[in-house]
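data15.txt, holding compact mmCIF, C-alpha atoms:
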# COMPACT_ATOMS: atom_id res chain seq x y z
CA MET L 1 108.06 133.63 42.83
CA PHE L 2 110.31 132.41 45.50
CA LYS L 3 110.43 128.79 46.55
CA LEU L 4 111.16 127.71 50.04
CA GLN L 5 113.82 125.07 49.80
CA ILE L 6 114.27 122.72 52.73
CA PRO L 7 117.80 121.44 53.08
CA THR L 8 118.03 117.73 52.63
CA ALA L 9 121.36 117.43 54.43
CA PRO L 10 121.10 115.86 57.91
CA LEU L 11 121.39 118.16 60.88
CA ALA L 12 124.72 118.09 62.72
CA LEU L 13 124.43 116.36 66.05
CA PRO L 14 126.64 117.30 69.00
CA ASP L 15 129.58 115.15 69.69
CA SER L 16 128.81 112.21 71.89
CA ILE L 17 130.24 112.05 75.38
CA PRO L 18 133.51 110.13 75.34
CA THR L 19 133.52 106.78 77.04
CA VAL L 20 136.04 105.62 79.63
CA ARG L 21 137.97 103.68 77.00
CA GLU L 22 138.24 106.77 74.81
CA GLU L 23 139.41 108.81 77.80
CA VAL L 24 142.11 106.25 78.51
CA SER L 25 143.23 106.27 74.88
CA MET L 26 143.36 110.07 74.93
CA LEU L 27 145.52 109.99 78.05
CA LYS L 28 147.84 107.46 76.41
CA SER L 29 148.27 109.64 73.34
CA MET L 30 148.80 112.79 75.45
CA PRO L 31 152.39 113.97 75.91
CA VAL L 32 154.03 113.27 79.24
CA ASP L 33 154.53 116.93 80.13
CA GLU L 34 150.91 117.78 79.46
CA LEU L 35 149.73 114.70 81.39
CA VAL L 36 151.86 115.62 84.42
CA GLN L 37 150.66 119.22 84.27
CA ARG L 38 147.06 118.05 84.11
CA LEU L 39 147.50 115.69 87.08
CA ILE L 40 149.18 118.43 89.13
CA SER L 41 146.37 120.86 88.33
CA SER L 42 143.74 118.30 89.32
CA MET L 43 145.54 117.49 92.57
CA VAL L 44 145.92 121.17 93.47
CA THR L 45 142.23 121.78 92.75
CA PHE L 46 141.21 118.77 94.82
CA ALA L 47 143.52 119.79 97.69
CA ILE L 48 142.03 123.30 97.72
CA ASN L 49 138.49 121.90 97.66
CA LEU L 50 139.38 119.43 100.42
CA ALA L 51 140.83 122.18 102.60
CA VAL L 52 137.79 124.37 102.04
CA ALA L 53 135.48 121.40 102.80
CA ILE L 54 137.34 120.67 106.06
CA ILE L 55 137.15 124.32 107.11
CA VAL L 56 133.45 124.48 106.24
CA PHE L 57 132.79 121.27 108.17
CA TYR L 58 134.46 122.48 111.38
CA VAL L 59 132.97 125.96 111.15
CA GLY L 60 129.55 124.44 110.43
CA ARG L 61 129.89 122.12 113.40
CA LEU L 62 130.69 125.07 115.66
CA ILE L 63 127.65 126.93 114.32
CA ILE L 64 125.43 123.86 114.85
CA ASN L 65 126.63 123.50 118.45
CA LYS L 66 125.99 127.20 119.03
CA ILE L 67 122.46 126.95 117.59
CA TYR L 68 121.86 123.81 119.69
CA ARG L 69 122.89 125.60 122.89
CA VAL L 70 120.81 128.67 122.07
CA VAL L 71 117.68 126.58 121.41
CA ARG L 72 118.31 124.52 124.54
CA ASN L 73 118.63 127.66 126.69
CA ILE L 74 115.41 129.02 125.20
CA PHE L 75 113.61 125.78 126.11
CA ILE L 76 115.03 125.93 129.66
CA LYS L 77 113.95 129.56 130.15
CA ARG L 78 110.50 128.87 128.72
CA ALA L 79 110.15 125.76 130.94
CA ILE L 80 109.33 123.56 127.94
CA ASP L 81 108.51 119.95 128.79
CA ARG L 82 111.73 117.94 129.01
CA SER L 83 110.58 115.15 126.71
CA LEU L 84 109.43 117.59 124.01
CA ALA L 85 112.64 119.61 124.32
CA THR L 86 114.79 116.49 123.89
CA PHE L 87 112.85 115.44 120.81
CA VAL L 88 113.02 118.88 119.15
CA LEU L 89 116.73 119.33 119.93
CA SER L 90 117.62 115.94 118.45
CA MET L 91 115.62 116.72 115.29
CA VAL L 92 117.25 120.17 114.93
CA ARG L 93 120.74 118.70 115.27
CA MET L 94 119.97 115.90 112.80
CA VAL L 95 118.62 118.29 110.13
CA LEU L 96 121.50 120.75 110.51
CA TYR L 97 124.12 118.01 110.25
CA PHE L 98 122.45 116.65 107.12
CA ILE L 99 122.58 120.10 105.51
CA LEU L 100 126.25 120.42 106.51
CA VAL L 101 127.17 117.02 105.03
CA VAL L 102 125.44 117.85 101.73
CA THR L 103 127.27 121.20 101.59
CA VAL L 104 130.65 119.56 102.21
CA ILE L 105 129.98 116.95 99.53
CA SER L 106 129.06 119.65 96.99
CA ILE L 107 132.31 121.51 97.78
CA LEU L 108 134.29 118.34 97.04
CA GLY L 109 132.75 118.29 93.59
CA ILE L 110 130.39 115.38 94.03
CA GLU L 111 127.00 115.80 92.39
CA THR L 112 124.56 116.41 95.24
CA SER L 113 121.40 115.84 93.20
CA SER L 114 122.26 112.18 92.65
CA PHE L 115 123.27 111.90 96.30
CA ILE L 116 119.94 113.35 97.47
CA ALA L 117 118.05 111.07 95.06
CA LEU L 118 119.97 108.09 96.38
CA PHE L 119 119.25 109.16 99.95
CA ALA L 120 115.55 109.54 99.15
CA SER L 121 115.41 106.09 97.56
CA ALA L 122 117.19 104.59 100.52
CA GLY L 123 114.75 106.40 102.80
CA VAL L 124 111.77 104.88 101.01
CA ALA L 125 113.27 101.40 101.20
CA ILE L 126 114.16 101.80 104.87
CA GLY L 127 110.68 103.20 105.57
CA MET L 128 109.03 100.15 104.01
CA ALA L 129 111.30 97.82 105.96
CA LEU L 130 110.81 99.68 109.24
CA SER L 131 107.10 100.39 109.03
CA GLY L 132 106.54 99.35 112.63
CA THR L 133 109.39 101.55 113.84
CA LEU L 134 107.98 104.51 111.91
CA GLN L 135 104.62 103.85 113.53
CA ASN L 136 106.33 104.13 116.90
CA PHE L 137 108.00 107.34 115.72
CA ALA L 138 104.65 108.82 114.70
CA GLY L 139 103.20 107.68 118.03
CA GLY L 140 106.02 109.44 119.87
CA VAL L 141 105.33 112.68 117.99
CA LEU L 142 101.62 112.45 118.86
CA ILE L 143 102.39 111.77 122.52
CA LEU L 144 104.74 114.75 122.70
CA LEU L 145 102.18 117.03 121.04
CA LEU L 146 98.94 115.84 122.66
CA LYS L 147 100.52 115.07 126.07
CA PRO L 148 98.22 112.28 127.34
CA TYR L 149 100.87 111.84 130.04
CA LYS L 150 104.16 113.44 131.05
CA ILE L 151 107.29 112.48 132.92
CA GLY L 152 106.46 111.72 136.55
CA ASP L 153 102.87 110.56 135.91
CA TYR L 154 101.72 107.16 137.15
CA ILE L 155 100.04 105.44 134.21
CA GLU L 156 98.57 102.05 133.39
CA ALA L 157 98.78 100.89 129.76
CA GLN L 158 99.50 97.79 127.68
CA GLY L 159 99.15 95.61 130.79
CA TYR L 160 101.80 97.51 132.78
CA ALA L 161 101.58 100.18 135.49
CA GLY L 162 104.31 102.49 136.69
CA THR L 163 105.78 105.98 136.79
CA VAL L 164 106.85 107.52 133.48
CA CYS L 165 110.65 107.99 133.55
CA GLU L 166 111.40 108.89 129.92
CA ILE L 167 109.44 109.69 126.77
CA GLN L 168 111.71 108.95 123.83
CA ILE L 169 111.05 109.12 120.10
CA PHE L 170 110.27 105.45 119.62
CA HIS L 171 109.27 104.23 123.08
CA THR L 172 108.32 105.23 126.62
CA ILE L 173 110.10 103.93 129.71
CA ILE L 174 108.08 103.44 132.89
CA CYS L 175 109.34 102.32 136.30
CA THR L 176 107.15 99.97 138.33
CA VAL L 177 106.75 100.13 142.10
CA ASP L 178 109.23 97.25 142.48
CA ASN L 179 111.81 99.20 140.41
CA LYS L 180 111.47 97.42 137.08
CA SER L 181 112.07 99.42 133.90
CA ILE L 182 109.42 98.62 131.29
CA ILE L 183 109.96 99.82 127.70
CA ILE L 184 106.66 100.26 125.84
CA PRO L 185 106.55 101.18 122.09
CA ASN L 186 104.88 104.52 121.43
CA GLY L 187 102.77 103.12 118.58
CA GLY L 188 100.55 101.12 120.91
CA LEU L 189 100.46 103.91 123.49
CA SER L 190 99.25 106.48 120.94
CA THR L 191 96.41 104.26 119.70
CA GLY L 192 95.51 102.30 122.85
CA SER L 193 93.84 103.10 126.13
CA ILE L 194 95.89 104.79 128.86
CA ASN L 195 94.86 105.15 132.48
CA ASN L 196 96.66 108.21 133.83
CA TRP L 197 96.30 108.10 137.61
CA SER L 198 98.18 111.39 138.08
CA ARG L 199 96.12 113.56 135.75
CA GLU L 200 93.61 114.54 138.47
CA ASP L 201 94.81 115.85 141.83
CA TYR L 202 92.04 114.07 143.82
CA ARG L 203 90.85 110.45 143.70
CA ARG L 204 88.22 108.33 145.39
CA VAL L 205 89.36 105.48 147.62
CA ASP L 206 87.10 102.43 147.96
CA TRP L 207 86.95 99.76 150.65
CA MET L 208 84.78 96.67 151.08
CA VAL L 209 84.32 95.57 154.73
CA ASN L 210 82.36 92.51 155.86
CA ILE L 211 80.56 92.51 159.21
CA SER L 212 78.59 89.74 160.89
CA TYR L 213 74.84 89.31 160.73
CA GLY L 214 73.28 90.74 163.84
CA ASP L 215 75.79 93.58 164.25
CA ASP L 216 74.49 97.13 164.30
CA VAL L 217 75.10 98.67 160.88
CA GLU L 218 74.51 102.18 162.16
CA LYS L 219 77.11 101.71 164.90
CA ALA L 220 79.62 100.41 162.33
CA ARG L 221 78.88 103.37 160.07
CA HIS L 222 79.33 105.84 162.93
CA LYS L 223 82.68 104.31 163.95
CA ILE L 224 84.03 104.30 160.39
CA LEU L 225 83.04 107.95 159.87
CA GLU L 226 84.83 108.80 163.13
CA ILE L 227 87.98 107.20 161.72
CA PHE L 228 87.71 109.36 158.60
CA ALA L 229 87.00 112.52 160.61
CA SER L 230 90.23 112.05 162.59
CA ASP L 231 92.33 111.71 159.42
CA GLY L 232 93.31 115.09 157.97
CA ARG L 233 94.14 113.63 154.57
CA VAL L 234 90.51 112.74 153.84
CA VAL L 235 88.23 115.35 152.22
CA GLU L 236 85.55 116.41 154.70
CA LYS L 237 82.92 117.62 152.23
CA TYR L 238 84.11 119.51 149.13
CA VAL L 239 87.29 119.04 147.15
CA GLU L 240 87.50 122.77 146.47
CA ASP L 241 87.50 123.58 150.18
CA ASP L 242 90.17 120.97 150.87
CA ARG L 243 92.33 122.33 148.04
CA ARG L 244 92.01 125.88 149.37
CA GLU L 245 92.81 124.85 152.94
CA ARG L 246 95.92 122.99 151.82
CA ALA L 247 97.06 126.03 149.82
CA GLU L 248 96.57 128.28 152.84
CA LYS L 249 98.57 125.93 155.07
CA LEU L 250 101.34 125.77 152.50
CA GLU L 251 101.38 129.56 152.31
CA GLU L 252 101.63 129.83 156.09
CA GLN L 253 104.51 127.37 156.19
CA ASN L 254 106.43 128.93 153.26
CA PRO L 255 105.43 132.59 152.88
CA ASN L 256 108.61 133.44 150.96
CA SER L 257 107.77 131.03 148.16
CA VAL L 258 104.69 133.05 147.23
CA ASP L 259 106.72 136.28 147.21
CA ALA L 260 109.37 134.64 145.03
CA ASP L 261 106.76 133.45 142.58
CA THR L 262 105.20 136.93 142.45
CA ALA L 263 108.62 138.52 141.94
CA SER L 264 109.46 136.12 139.12
CA VAL L 265 106.15 136.86 137.43
CA ASP L 266 106.74 140.63 137.77
CA GLU L 267 110.25 140.24 136.38
CA LYS L 268 108.98 138.28 133.38
CA THR L 269 106.25 140.87 132.81
CA SER L 270 108.77 143.71 132.90
CA ARG L 271 110.82 141.99 130.22
CA MET L 272 107.83 141.69 127.91
CA GLY L 273 107.17 144.29 125.27
CA TRP L 274 104.29 146.73 125.56
CA LEU L 275 102.31 144.87 122.89
CA SER L 276 102.76 141.50 124.66
CA ARG L 277 101.73 143.04 127.99
CA PHE L 278 98.65 144.58 126.41
CA LEU L 279 97.63 141.31 124.73
CA LYS L 280 98.20 139.35 127.94
CA ARG L 281 96.16 141.87 129.96
CA LYS L 282 93.37 141.72 127.38
CA ARG L 283 93.39 137.90 127.42
CA VAL L 284 93.24 137.78 131.22
CA SER L 285 90.38 140.28 131.32
CA ASP L 286 88.44 138.22 128.77
CA GLU L 287 88.97 135.08 130.86
CA ILE L 288 87.75 136.89 133.98
CA ASP L 289 84.63 138.06 132.15
CA ASP L 290 83.92 134.50 131.07
CA LEU L 291 84.21 133.09 134.61
CA PRO L 292 80.94 132.10 136.31
CA THR L 293 79.77 133.86 139.43
CA VAL L 294 80.66 132.69 142.93
CA ALA L 295 77.11 131.49 143.51
CA ALA L 296 77.27 129.40 140.36
CA LEU L 297 80.56 127.86 141.47
CA VAL L 298 79.16 126.98 144.90
CA SER L 299 76.06 125.44 143.37
CA GLU L 300 78.19 123.29 141.06
CA GLN L 301 80.28 121.80 143.88
CA VAL L 302 79.83 118.09 144.39
CA GLU L 303 79.85 116.67 147.90
CA ARG L 304 82.77 114.30 148.44
CA SER L 305 82.32 113.44 152.11
CA PRO L 306 83.01 109.83 153.24
CA LYS L 307 80.10 107.43 152.73
CA VAL L 308 79.21 103.99 154.14
CA TRP L 309 76.55 101.88 152.41
CA VAL L 310 75.23 98.34 152.76
CA ALA L 311 76.40 96.95 149.43
CA ASP L 312 75.36 93.29 149.66
CA LEU L 313 73.79 90.71 151.95
CA ALA L 314 76.16 87.83 151.35
CA ASP L 315 75.89 84.24 152.58
CA SER L 316 77.97 84.73 155.71
CA SER L 317 78.34 88.51 156.09
CA VAL L 318 76.95 91.95 155.44
CA LYS L 319 79.17 93.79 152.95
CA LEU L 320 79.74 97.49 153.61
CA LYS L 321 80.85 99.70 150.74
CA ILE L 322 83.05 102.56 151.99
CA THR L 323 84.21 105.55 149.89
CA ALA L 324 86.31 108.61 150.67
CA TRP L 325 88.24 111.21 148.66
CA THR L 326 91.86 112.23 149.08
CA ARG L 327 94.74 113.65 147.07
CA SER L 328 96.13 111.38 144.36
CA THR L 329 99.61 111.55 145.89
CA GLU L 330 98.25 110.18 149.19
CA TYR L 331 95.98 107.50 147.73
CA TRP L 332 97.89 104.39 148.81
CA ASP L 333 98.87 105.77 152.22
CA VAL L 334 95.22 106.52 153.01
CA PHE L 335 94.06 103.16 151.66
CA PHE L 336 96.43 101.06 153.79
CA ASP L 337 96.20 103.23 156.93
CA ILE L 338 92.39 103.19 156.95
CA ASN L 339 92.43 99.44 156.33
CA GLU L 340 94.54 98.93 159.43
CA ARG L 341 92.48 101.30 161.58
CA ILE L 342 89.20 99.61 160.57
CA TYR L 343 90.64 96.24 161.53
CA LYS L 344 91.87 97.53 164.91
CA GLU L 345 89.04 99.87 165.96
CA LEU L 346 85.81 98.24 164.76
CA PRO L 347 86.00 95.29 167.22
CA SER L 348 86.19 97.79 170.11
CA ALA L 349 82.76 99.08 169.02
CA GLY L 350 81.29 95.56 169.09
CA ILE L 351 81.58 94.95 165.35
CA ARG L 352 82.78 91.48 164.35
CA PHE L 353 84.46 90.32 161.16
CA PRO L 354 82.91 86.97 160.14
CA PHE L 355 84.68 83.97 158.72
CA PRO L 356 83.17 81.86 155.96
CA GLN L 357 80.86 79.43 157.76
CA LEU L 358 78.30 76.76 156.98
CA ASP L 359 75.37 75.83 159.24
CA VAL L 360 74.74 72.05 159.37
CA HIS L 361 71.43 70.82 160.89
CA GLN L 362 71.16 67.20 161.96
CA TYR L 363 67.69 65.69 162.32
CA PRO L 364 67.05 62.62 164.52
CA ALA L 365 66.49 59.39 162.69
CA GLY L 366 62.87 58.39 162.71
Represent the structure of the file as structure tokens.
Amino acid sequence: MFKLQIPTAPLALPDSIPTVREEVSMLKSMPVDELVQRLISSMVTFAINLAVAIIVFYVGRLIINKIYRVVRNIFIKRAIDRSLATFVLSMVRMVLYFILVVTVISILGIETSSFIALFASAGVAIGMALSGTLQNFAGGVLILLLKPYKIGDYIEAQGYAGTVCEIQIFHTIICTVDNKSIIIPNGGLSTGSINNWSREDYRRVDWMVNISYGDDVEKARHKILEIFASDGRVVEKYVEDDRRERAEKLEEQNPNSVDADTASVDEKTSRMGWLSRFLKRKRVSDEIDDLPTVAALVSEQVERSPKVWVADLADSSVKLKITAWTRSTEYWDVFFDINERIYKELPSAGIRFPFPQLDVHQYPAG
């Protein structure tokens, strides 16, 4: 019978990695000619790697700039929102430059895995230190994706009101009516309440007018409605009719603009492939099938004609609540103009504006 004999001799371990001191001692014991030859070889190798790294860096930078311009032109042709385009372009350039730097470092012979690990660790530490800034960054991404407002909108948020001038990654810049630039962090804007006055194209304008006791309310109502009827900016009855009339007037004033828009649409359609044209035609036909009938649209219209109500019987006056609808872009002009006309024209109809007064009755002493 055979016996399986296990060797008792210890297994040979690989040589340990030499330390720096051992390397120095080896260099000291090395002949001068071999040391010089080794240094020259290392310098030549490093010079070649450095030259290759420089060439790769400049060529990579040219490629990044080319990609940046191509993406920017695509965004311009597609009419992408300016704030979203700026954000995406900055992110593309940042990512491409990071890849280029890592590639150059690897060409120089530096271990990239340790570099990436160090970068990741630094990123975690910076993220913990800048948690509020990252919240603003996340808020900026949400704002650019969900679009609760866009550049040019008049918004009210965080106790400020103004026109949106810029939507950046970390904050939004609004300009007030007195030309103050307010910088609001995107974190609060993405989680708080925002009043976007420009989102709808029509708004209701409200007034509160006080008239004296004893004045004819019906006469005051008739005069105020006459003021509204003579102002072409006020909606007569339906917003849809006013919108259509304004579009027809604009078409009469600028007939070439409609032709240019139609030509641009035809040109874009001709550039589309047959599959894209078919899908677009199918989508449009489906949308048309889903539209309600004309009778249903008329029945759903809400009357927006000017109204005058008796809102309150105050101590010294009768308060009239006045409402009218107009375009959002003309809101303040209509508000101030109608205010002035009410003040000037109501007294001519025998309507008086009362002052705060107190009746004092004196009884004879008895």
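Here atom CA of Met94 of chain L stands at a distance of 12.3 Å from atom CA of Ile67 of chain L.
From atom CA of Val92 of chain L back to atom CA of Gly192 of chain L, the distance works out to 29.2 Å.
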For Val308 of chain L, find every residue with an atom within 8 Å (counting all atoms listed in the file), except residues of its own chain fewer than 3 positions away, and show them as a compact mmCIF listing (two decimals) with C-alpha atoms, in the coordinates of the input.
# COMPACT_ATOMS: atom_id res chain seq x y z
CA ARG L 221 78.88 103.37 160.07
CA ILE L 224 84.03 104.30 160.39
CA LEU L 225 83.04 107.95 159.87
CA LEU L 320 79.74 97.49 153.61
CA LYS L 321 80.85 99.70 150.74
CA ILE L 322 83.05 102.56 151.99
CA THR L 323 84.21 105.55 149.89
- Item | Atomic distance atom CA of Ser90 of chain L - atom CA of Tyr68 of chain L, expressed in Å with one decimal | 9.0 Å
- Contacts of segment 159-161 of chain L within 10 Å, all atoms listed in the file, excl. fewer than 2 positions in-chain, as a PyMOL selection string: chain L and resi 154-157+163-164+174-177+182-184+194-197
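Applying the 10 Å criterion to (113.2, 109.1, 127.5) in file coordinates and using only C-alpha atoms, one obtains the residues Arg82, Ser83, Leu84, Thr86, Phe87, Ile151, Val164, Cys165, Glu166, Ile167, Gln168, Ile169, Phe170, His171, Thr172, Ile173, Ile174 and Ile183 of chain L.
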Those residues with C-alpha atoms, as a PDB file, in the frame of the given file please?
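Result file part_16.pdb:
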ATOM      1  CA  ARG L  82     111.730 117.940 129.010  1.00  0.00           C
ATOM      2  CA  SER L  83     110.580 115.150 126.710  1.00  0.00           C
ATOM      3  CA  LEU L  84     109.430 117.590 124.010  1.00  0.00           C
ATOM      4  CA  THR L  86     114.790 116.490 123.890  1.00  0.00           C
ATOM      5  CA  PHE L  87     112.850 115.440 120.810  1.00  0.00           C
ATOM      6  CA  ILE L 151     107.290 112.480 132.920  1.00  0.00           C
ATOM      7  CA  VAL L 164     106.850 107.520 133.480  1.00  0.00           C
ATOM      8  CA  CYS L 165     110.650 107.990 133.550  1.00  0.00           C
ATOM      9  CA  GLU L 166     111.400 108.890 129.920  1.00  0.00           C
ATOM     10  CA  ILE L 167     109.440 109.690 126.770  1.00  0.00           C
ATOM     11  CA  GLN L 168     111.710 108.950 123.830  1.00  0.00           C
ATOM     12  CA  ILE L 169     111.050 109.120 120.100  1.00  0.00           C
ATOM     13  CA  PHE L 170     110.270 105.450 119.620  1.00  0.00           C
ATOM     14  CA  HIS L 171     109.270 104.230 123.080  1.00  0.00           C
ATOM     15  CA  THR L 172     108.320 105.230 126.620  1.00  0.00           C
ATOM     16  CA  ILE L 173     110.100 103.930 129.710  1.00  0.00           C
ATOM     17  CA  ILE L 174     108.080 103.440 132.890  1.00  0.00           C
ATOM     18  CA  ILE L 183     109.960  99.820 127.700  1.00  0.00           C
TER      19      ILE L 183
END
- Neighbour list for Asp241 of chain L as JSON, numbers by chain, cut-off 12 Å, all atoms listed in the file, skip fewer than 5 positions in-chain: {"L": [234, 235, 236, 246, 247, 248, 297, 298, 301, 302, 303, 304, 305]}
Using only the atoms of segment 174-191 of chain L listed in the file, plus 4 Å on each side, state the axis-aligned box centre and edge lengths in Å rounded to one decimal, as AutoDock Vina command-line options.
--center_x 104.2 --center_y 101.9 --center_z 130.5 --size_x 23.7 --size_y 17.2 --size_z 31.9
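Of the residues listed (L:Arg93, L:Ser212, L:Gly187, L:Glu345), L:Glu345 shows the shortest atom-to-atom separation from Glu226 of chain L; distances use only C-alpha atoms.
Of the listed residues L:Arg61, L:Ala53, L:Asp153, L:Ser316, the one whose atoms come nearest to Val104 of chain L is L:Ala53, with distances taken using all atoms listed in the file.
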- Which residues come within 9 Å of segment 135-139 of chain L, counting all atoms listed in the file, excluding same-chain residues fewer than 2 positions away, as a ChimeraX atom specification? /L:130-133,141-144,169-171,185-191
